[in-house]
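J.: First the structure, which I've put down as structure tokens, then a few questions once you've had a look.
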Amino acid sequence: MCLAIPGKIIKIENNIATIDYGSEKREAKIVEGDFKVNDFVIVQGKIVIEKVPKNQVKGWLELLKNGS
Amino acid sequence: MEAEVYFLRYAFPCSSTSMQRGEINQEQFDELREAAINNRVLPREKLERVYHRAFEIIGKLANELNRDKWDLEVIKEYFLKRHNEIIEEGMYDYKRVPASLRELCKVHRAEIVKINDNVLTVRYNGKKKKVLSDLVRDVREGDMVNIHHGYAVEKL
């Protein structure tokens with residue numbers, strides 16, 4: 001399966017978001033769209049492209065942690 | 001277009017997940033990215049190793065169609081048809097995956113409605129999405145593209 005792993009935005013400064021993936025943090029650029037701190041997002045090519053609804057994230061991250 | 005090039009364009013968008021999962025390292029990721037952007041042919045063995053999940057299904061599909069797995073028609077049949085069917089039918093654990101992520105994994109035919117640097121706003125089924133234009137050249141507003149996992153992968 002090729003499935004994205006969402007991360008949580010913990011900081012946004014000058015359109016650069018810091019995203020927490022639990023095991024690591026990464027930075028990504030916000031070019032377009034309405035993204036806020038605490039949003040769960042998908043990043044591609046160091047750009048934030050999509051928000052994942054919070055109610056869909058929790059179970060999924062637990063599933064990934066337990067090995068899917 | 002060579003089958004290796006076509007395959008990598010559609011498969012590359014999943015590579016960031018492979019890296020997050022530790023299946024490939026940064027150096028391997030950069031090589032895949034460079035090859036995908038520049039339409040460079042990578043060795044088949046390498047592609048089969050990195051994208052082994054896709055090739056499990058492509059192998060079965062090739063048997064069904066009585067063709068070689070590297071036949072371009074087989075690769076196209078996989079990405080343009082079988083791949084979405086598998087996700088929709090919830091096979092291989094896809095049924096446990098949240099709807100928004102399943103949607104991201106599917107290949108969609110979409111129209112470009114706005115271009116901002118390398119970020120395209122595209123529309124399909126009345127929905128607007130952001131995808132990156134790094135893998136396609138010379139796209140304009142109004143063009144139709146196939147999108148996969150946050151990238152435009154083929155201009156139609």
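By convention here, the chains of the structure tokens are called A, B, ... in the order presented, each chain's residues are numbered starting at 1, and ligands are numbered starting at 1 in the order presented.
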Can you list, as a ChimeraX atom specification, every protein, DNA or RNA residue that comes within 9 Å of Thr18 in chain A when you count only C-alpha atoms, leaving out same-chain residues fewer than 4 positions away?

T.: /A:8-13,25-29

J.: Which of range 17-134 of chain B counts as strand (DSSP E) under DSSP, as a PyMOL selection string please?

T.: chain B and resi 107-116+119-124+127-132

J.: Identify every residue of chain B that has at least one atom within 7 Å of any atom of chain A, counting only C-alpha atoms, and report the result as a ChimeraX atom specification.

T.: /B:14,17,53,97-98,100-101,105,130-131,150

J.: Convert the current residue selection to file output with C-alpha atoms, as a compact mmCIF listing (two decimals), in the first residue's frame.

T.:
```txt
# COMPACT_ATOMS: atom_id res chain seq x y z
CA CYS B 14 4.34 7.16 -2.98
CA THR B 17 5.79 7.34 2.40
CA ARG B 53 3.85 -3.99 -3.46
CA VAL B 97 -7.69 3.46 5.76
CA PRO B 98 -9.49 6.80 6.30
CA SER B 100 -9.40 11.16 2.69
CA LEU B 101 -6.19 9.12 2.47
CA CYS B 105 -4.01 7.21 -3.18
CA LYS B 130 -3.59 20.88 -4.53
CA VAL B 131 -1.01 18.89 -6.44
CA GLY B 150 -0.35 14.94 -4.49
```

J.: From the set A:Asn14, A:Val41, A:Ile19, A:Phe35, which residue has the shortest atom-to-atom contact distance to Lys54 in chain A, counting only C-alpha atoms?

T.: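 Answer, going by the shortest atom-to-atom distance: A:Val41.
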
J.: Pick out the residues sitting within 8 Å of Ser133 in chain B, and hand them over as JSON, numbers by chain; count only C-alpha atoms, and ignore anything fewer than 4 positions along from it in its own chain.

T.: {"B": [118, 119, 120, 137, 151, 152, 153]}

J.: Do you know which residues are at most 10 Å from Val5 in chain B counting only C-alpha atoms, after dropping those on the same chain fewer than 3 positions away, and could you put them as an MDAnalysis selection string?

T.: chainID B and resid 1:2 8:11 35:42 72

J.: For N, CA and C atoms, I'd like the residues from the last selection saved as a CSV table (one decimal), in the first residue's frame.

T.:
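Just written: out-v8.csv:
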```csv
chain,number,residue,atom,x,y,z
B,1,MET,N,6.4,6.3,-24.9
B,1,MET,CA,7.1,6.4,-23.6
B,1,MET,C,7.5,5.0,-23.1
B,2,GLU,N,8.8,4.9,-22.6
B,2,GLU,CA,9.2,3.6,-22.0
B,2,GLU,C,8.4,3.3,-20.8
B,8,LEU,N,7.4,4.9,-13.2
B,8,LEU,CA,8.0,5.7,-12.2
B,8,LEU,C,7.2,7.0,-11.9
B,9,ARG,N,6.7,7.6,-13.0
B,9,ARG,CA,5.9,8.8,-12.8
B,9,ARG,C,4.7,8.6,-11.9
B,10,TYR,N,4.0,7.4,-12.1
B,10,TYR,CA,2.9,7.1,-11.3
B,10,TYR,C,3.2,6.6,-9.9
B,11,ALA,N,4.4,6.0,-9.8
B,11,ALA,CA,4.8,5.4,-8.6
B,11,ALA,C,5.5,6.3,-7.7
B,35,ALA,N,15.1,10.9,-11.4
B,35,ALA,CA,14.7,10.0,-12.6
B,35,ALA,C,13.3,10.3,-13.0
B,36,ALA,N,12.4,10.5,-12.0
B,36,ALA,CA,11.0,10.7,-12.4
B,36,ALA,C,10.8,12.1,-13.1
B,37,ILE,N,11.5,13.1,-12.6
B,37,ILE,CA,11.4,14.4,-13.2
B,37,ILE,C,12.0,14.5,-14.6
B,38,ASN,N,13.2,13.8,-14.8
B,38,ASN,CA,13.9,13.9,-16.0
B,38,ASN,C,13.6,12.7,-17.0
B,39,ASN,N,12.5,12.0,-16.7
B,39,ASN,CA,12.1,10.8,-17.6
B,39,ASN,C,13.3,9.9,-17.8
B,40,ARG,N,14.1,9.6,-16.8
B,40,ARG,CA,15.2,8.7,-16.9
B,40,ARG,C,14.8,7.3,-16.7
B,41,VAL,N,15.3,6.4,-17.5
B,41,VAL,CA,15.0,5.0,-17.3
B,41,VAL,C,15.9,4.4,-16.2
B,42,LEU,N,15.3,3.9,-15.2
B,42,LEU,CA,16.0,3.2,-14.1
B,42,LEU,C,15.9,1.7,-14.4
B,72,LEU,N,3.9,-2.0,-21.5
B,72,LEU,CA,3.3,-0.7,-21.2
B,72,LEU,C,1.8,-0.8,-20.9
```

J.: Using only C-alpha atoms, which residue out of B:Lys129, B:His108, B:Arg140, B:Lys95 lies closest to Leu80 in chain B?

T.: B:His108

J.: Write down as an MDAnalysis selection string the residues belonging to range 27-81 of chain B that are assigned helix (DSSP H, G or I) by DSSP computed on the backbone.

T.: chainID B and resid 27:37 44:50 52:65 72:81

J.: Could you name the residues that touch range 61-65 of chain B at 9 Å or less, counting only C-alpha atoms, but leaving out those on the same chain fewer than 2 positions away, as a list in words?

T.: Glu56, Ile57, Ile58, Gly59, Arg67, Asp68, Lys69, Trp70, Asp71, Val74, Ile75, Glu77, Tyr78 and Arg82 of chain B

J.: Dump N, CA and C atoms for the selected residues as an mmCIF file, in the first residue's frame?

T.:
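Full text of selection_9.cif as output:
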```cif
data_model
loop_
_atom_site.group_PDB
_atom_site.id
_atom_site.type_symbol
_atom_site.label_atom_id
_atom_site.label_comp_id
_atom_site.auth_asym_id
_atom_site.auth_seq_id
_atom_site.Cartn_x
_atom_site.Cartn_y
_atom_site.Cartn_z
ATOM 1 N N GLU B 56 3.686 -6.863 -7.057
ATOM 2 C CA GLU B 56 2.943 -8.086 -6.719
ATOM 3 C C GLU B 56 1.661 -8.129 -7.551
ATOM 4 N N ILE B 57 0.996 -6.981 -7.625
ATOM 5 C CA ILE B 57 -0.284 -6.924 -8.338
ATOM 6 C C ILE B 57 -0.067 -6.866 -9.850
ATOM 7 N N ILE B 58 0.952 -6.122 -10.267
ATOM 8 C CA ILE B 58 1.239 -6.036 -11.707
ATOM 9 C C ILE B 58 1.580 -7.431 -12.258
ATOM 10 N N GLY B 59 2.291 -8.222 -11.468
ATOM 11 C CA GLY B 59 2.627 -9.586 -11.881
ATOM 12 C C GLY B 59 1.374 -10.418 -12.131
ATOM 13 N N ARG B 67 0.479 -11.243 -20.755
ATOM 14 C CA ARG B 67 1.523 -10.348 -21.283
ATOM 15 C C ARG B 67 2.647 -10.252 -20.274
ATOM 16 N N ASP B 68 3.739 -9.628 -20.712
ATOM 17 C CA ASP B 68 4.866 -9.406 -19.814
ATOM 18 C C ASP B 68 4.518 -8.296 -18.822
ATOM 19 N N LYS B 69 5.056 -8.402 -17.598
ATOM 20 C CA LYS B 69 4.719 -7.367 -16.598
ATOM 21 C C LYS B 69 5.266 -5.995 -16.969
ATOM 22 N N TRP B 70 6.288 -5.964 -17.838
ATOM 23 C CA TRP B 70 6.828 -4.671 -18.254
ATOM 24 C C TRP B 70 6.222 -4.168 -19.566
ATOM 25 N N ASP B 71 5.191 -4.822 -20.026
ATOM 26 C CA ASP B 71 4.448 -4.335 -21.190
ATOM 27 C C ASP B 71 3.740 -3.039 -20.766
ATOM 28 N N VAL B 74 0.188 -3.217 -19.694
ATOM 29 C CA VAL B 74 -0.048 -3.821 -18.371
ATOM 30 C C VAL B 74 0.128 -2.756 -17.279
ATOM 31 N N ILE B 75 1.193 -1.981 -17.398
ATOM 32 C CA ILE B 75 1.462 -0.915 -16.419
ATOM 33 C C ILE B 75 0.315 0.111 -16.443
ATOM 34 N N GLU B 77 -2.812 -0.413 -17.449
ATOM 35 C CA GLU B 77 -4.003 -1.063 -16.907
ATOM 36 C C GLU B 77 -3.956 -1.036 -15.368
ATOM 37 N N TYR B 78 -2.772 -1.231 -14.833
ATOM 38 C CA TYR B 78 -2.626 -1.208 -13.379
ATOM 39 C C TYR B 78 -2.948 0.182 -12.808
ATOM 40 N N ARG B 82 -6.843 -1.001 -12.323
ATOM 41 C CA ARG B 82 -6.794 -1.973 -11.228
ATOM 42 C C ARG B 82 -6.498 -1.336 -9.871
#
```

J.: Separation of CA of Gly7 in chain A and CA of His149 in chain B, in Å?

T.: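 Between these atoms lies a distance of 15.6 Å.
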
J.: What gap, in Å, lies between CA of Asp39 in chain A and CA of Ser16 in chain B?

T.: 19.7 Å
